[in-house]
Amino acid sequence: MSLISRTRERGDQQEFRSARGKGDQGMQNPGGQMDRPVSFHFLESMLPKAVKRRVHALKRLQVQCANIEAKFYEEVHELERKYAALYQPLFDKRRDVVTGTVEPTDEECEWHSDREEEEELAEEVKEKAAIEDAKKEEATPEEDPKGIPEFWLTIFKSVDMLSDMLQEHDEPILKHLKDIQVKFSEPGQPMSFTLEFHFEPNGYFNNAVLTKVYKMKSEPDASDPFSFEGPEIIDCEGCQIDWHKGKDVTVKTIKKKQKHKGRGTVRTVTKQVPNDSFFNFFNPVKALPDGEMDEDSEFTLATDFEIGHFFRERIVPRAVLYFTGEALEDDESFEEEELEEGDEEEQDEEADDDDDEGDFDPKA
């Protein structure tokens, strides 16, 4: 089982689970009453020898099921790769519209929604209120911006997961971001996907494309085959950013005073130290082969995996809806629904506790 994070794919959904976050499940006894969690090793040791032998046969069948499931997910990955090629021309057109390379036709711009009806009514009121002002002074022509300015930066600032990484000094750089693409590994290659961040020429670095590769594994672990729940991200690799001199936002220069122990003289030295920045995303923590990591590194890597997955499954396919905020409303509704269900479960548990207390007989 992965020490950091597990990714389960069913259709277009994946779930991240911490390898340390699984608890023992309650066992149901023959009488139908739920017992306290019991160690499966203890339970199995209590079985008659003949029954235990048959259970071992079922486990062998379960391992075979896991191997078939692994093949299923490999084919899902191939299907995703196939359809990614069909989506790409549409994403290329999106990029061209965003950057102003292509101006969409009137027909391509036709779109109607209930929200637009409200906006049209509000616009009529504004127009009537502005008639007198228009008579008194000549209206200045409105500047027509190129493409959709700050398209990706707006998304970064709107999505909590991304805005948490974003610093003020990152924003001028991300104004030059033209496109984000997802590339899937080719047939016969180890399973992976690559995030490509395409930039226009800028005064910060020479790279036209910054990449982040997420390596995946879709096979049961020989030492723990029953932990298999689908493809898991096992590692990631960033890229070297060729910063222009003095423009690297991932480091900052600080001055420190040093006192000579013998002479007592003081000198000032400058040194570079790490600086918070979104662009640290391209210099990730490395997963260690033996799986041993401190808690902070483990959390950082798990978060990185989650962000990579979010770019792949949500941001890139639905970018315009995150730009307008519509996707954010959907996400918030989903989170509220989950929260309400959790609250209900807590209340049910409290009610059960109250019932138990009511049935308590002090004479028993």
# chains A, B, ... in the order shown; residues from 1 in each chain; ligands from 1

$ closest_atom_pairs --of "region 143-225 of chain A" --to "region 53-64 of chain A" --cutoff "12 Å" --atoms "only C-alpha atoms" --output "CSV"
residue,atom,partner,partner_atom,distance
A:Glu219,CA,A:Val63,CA,10.8
A:Pro220,CA,A:Val63,CA,8.1
A:Asp221,CA,A:Val63,CA,10.1
A:Ala222,CA,A:Val63,CA,9.5
A:Ser223,CA,A:Val63,CA,11.3
A:Asp224,CA,A:Val63,CA,9.7
A:Pro225,CA,A:Val63,CA,6.3

$ write_last_selection --atoms "C-alpha atoms" --output "compact mmCIF listing (two decimals), in the first residue's frame"
# COMPACT_ATOMS: atom_id res chain seq x y z
CA GLU A 219 -1.14 -3.41 -9.82
CA PRO A 220 -1.70 -5.12 -6.47
CA ASP A 221 1.20 -4.99 -4.03
CA ALA A 222 2.63 -8.50 -3.71
CA SER A 223 3.03 -8.06 0.06
CA ASP A 224 -0.48 -6.61 0.56
CA PRO A 225 -2.69 -7.43 -2.46

$ residues_around --residues "Ala208 (chain A)" --least-positions-apart "6" --cutoff "9 Å" --atoms "only C-alpha atoms" --output "PyMOL selection string"
chain A and resi 197-201

$ write_last_selection --atoms "N, CA, C and O atoms" --output "PDB file, in the first residue's frame"
ATOM      1  N   PHE A 197       2.310  23.421 -18.548  1.00  0.00           N
ATOM      2  CA  PHE A 197       1.919  24.819 -18.367  1.00  0.00           C
ATOM      3  C   PHE A 197       2.630  25.635 -19.454  1.00  0.00           C
ATOM      4  O   PHE A 197       3.857  25.786 -19.422  1.00  0.00           O
ATOM      5  N   HIS A 198       1.853  26.137 -20.414  1.00  0.00           N
ATOM      6  CA  HIS A 198       2.405  26.843 -21.566  1.00  0.00           C
ATOM      7  C   HIS A 198       2.394  28.356 -21.309  1.00  0.00           C
ATOM      8  O   HIS A 198       1.335  28.931 -21.003  1.00  0.00           O
ATOM      9  N   PHE A 199       3.558  28.986 -21.461  1.00  0.00           N
ATOM     10  CA  PHE A 199       3.706  30.413 -21.207  1.00  0.00           C
ATOM     11  C   PHE A 199       4.096  31.153 -22.483  1.00  0.00           C
ATOM     12  O   PHE A 199       4.819  30.611 -23.330  1.00  0.00           O
ATOM     13  N   GLU A 200       3.615  32.390 -22.609  1.00  0.00           N
ATOM     14  CA  GLU A 200       4.101  33.251 -23.681  1.00  0.00           C
ATOM     15  C   GLU A 200       5.452  33.827 -23.261  1.00  0.00           C
ATOM     16  O   GLU A 200       5.796  33.777 -22.068  1.00  0.00           O
ATOM     17  N   PRO A 201       6.247  34.342 -24.195  1.00  0.00           N
ATOM     18  CA  PRO A 201       7.539  34.932 -23.819  1.00  0.00           C
ATOM     19  C   PRO A 201       7.349  35.988 -22.734  1.00  0.00           C
ATOM     20  O   PRO A 201       6.421  36.805 -22.787  1.00  0.00           O
TER      21      PRO A 201
END

$ select_by_dssp --residues "region 134-195 of chain A" --states "strand (DSSP E)" --output "tab-separated table (two decimals) with N, CA and C atoms, in the first residue's frame"
chain	number	residue	atom	x	y	z
A	177	LEU	N	0.52	33.02	-18.54
A	177	LEU	CA	0.15	31.62	-18.76
A	177	LEU	C	-0.91	31.53	-19.85
A	178	LYS	N	-0.61	30.81	-20.93
A	178	LYS	CA	-1.51	30.72	-22.07
A	178	LYS	C	-2.44	29.51	-22.00
A	179	ASP	N	-1.94	28.41	-21.44
A	179	ASP	CA	-2.71	27.17	-21.50
A	179	ASP	C	-2.16	26.16	-20.50
A	180	ILE	N	-3.01	25.25	-20.07
A	180	ILE	CA	-2.59	24.09	-19.26
A	180	ILE	C	-3.13	22.86	-19.98
A	181	GLN	N	-2.27	21.89	-20.22
A	181	GLN	CA	-2.67	20.67	-20.93
A	181	GLN	C	-2.31	19.44	-20.11
A	182	VAL	N	-3.07	18.37	-20.34
A	182	VAL	CA	-2.79	17.07	-19.71
A	182	VAL	C	-2.39	16.09	-20.80
A	183	LYS	N	-1.26	15.43	-20.62
A	183	LYS	CA	-0.79	14.42	-21.57
A	183	LYS	C	-0.71	13.07	-20.85
A	184	PHE	N	-1.26	12.04	-21.47
A	184	PHE	CA	-1.22	10.70	-20.89
A	184	PHE	C	-0.07	9.90	-21.50
A	192	SER	N	1.30	7.05	-16.43
A	192	SER	CA	1.59	8.37	-15.87
A	192	SER	C	0.76	9.40	-16.62
A	193	PHE	N	0.72	10.62	-16.08
A	193	PHE	CA	0.17	11.75	-16.82
A	193	PHE	C	1.04	12.97	-16.54
A	194	THR	N	1.08	13.88	-17.50
A	194	THR	CA	1.94	15.06	-17.41
A	194	THR	C	1.10	16.32	-17.52
A	195	LEU	N	1.30	17.25	-16.61
A	195	LEU	CA	0.69	18.57	-16.70
A	195	LEU	C	1.67	19.50	-17.40

$ select_by_dssp --residues "region 163-332 of chain A" --states "helix (DSSP H, G or I)" --output "PyMOL selection string"
chain A and resi 163+168-174+225-227+278-282+295-315+319-324+326-332

$ residues_around --residues "region 273-290 of chain A" --least-positions-apart "4" --cutoff "7 Å" --atoms "only C-alpha atoms" --output "list of chain:residue names"
A:Met165, A:Leu166, A:Gln167, A:Asp170, A:Lys212, A:Asp235, A:Glu237, A:Gly238, A:Cys239, A:Val249, A:Thr250, A:Val251, A:Lys252, A:Thr253, A:Ser297, A:Leu301

$ write_last_selection --atoms "C-alpha atoms" --output "mmCIF file, in the first residue's frame"
data_model
loop_
_atom_site.group_PDB
_atom_site.id
_atom_site.type_symbol
_atom_site.label_atom_id
_atom_site.label_comp_id
_atom_site.auth_asym_id
_atom_site.auth_seq_id
_atom_site.Cartn_x
_atom_site.Cartn_y
_atom_site.Cartn_z
ATOM 1 C CA MET A 165 -0.234 28.287 -3.142
ATOM 2 C CA LEU A 166 -0.381 31.652 -4.883
ATOM 3 C CA GLN A 167 1.739 34.572 -3.689
ATOM 4 C CA ASP A 170 3.494 34.980 -8.632
ATOM 5 C CA LYS A 212 5.001 18.150 -13.886
ATOM 6 C CA ASP A 235 5.766 9.766 -7.354
ATOM 7 C CA GLU A 237 8.785 14.944 -11.075
ATOM 8 C CA GLY A 238 8.972 18.658 -11.789
ATOM 9 C CA CYS A 239 11.284 20.526 -14.146
ATOM 10 C CA VAL A 249 10.556 34.103 -7.027
ATOM 11 C CA THR A 250 11.197 30.767 -5.287
ATOM 12 C CA VAL A 251 14.121 32.246 -3.356
ATOM 13 C CA LYS A 252 14.691 35.501 -1.509
ATOM 14 C CA THR A 253 17.863 37.275 -0.411
ATOM 15 C CA SER A 297 7.067 15.752 3.916
ATOM 16 C CA LEU A 301 3.575 15.096 -1.046
#

$ closest_residue --among "A:Met216, A:Lys247, A:Phe305, A:Gly188" --to "Pro172 (chain A)" --atoms "only C-alpha atoms"
A:Lys247

$ atom_distance --atom1 "CA of Tyr322 (chain A)" --atom2 "CA of Ser158 (chain A)"
7.5 Å

$ closest_residue --among "A:Ala66, A:Val159, A:Thr211, A:Glu103" --to "Ala327 (chain A)" --atoms "only C-alpha atoms"
A:Val159

$ closest_residue --among "A:Glu292, A:Gln272, A:Leu162, A:Lys256" --to "Asp304 (chain A)" --atoms "only C-alpha atoms"
A:Leu162
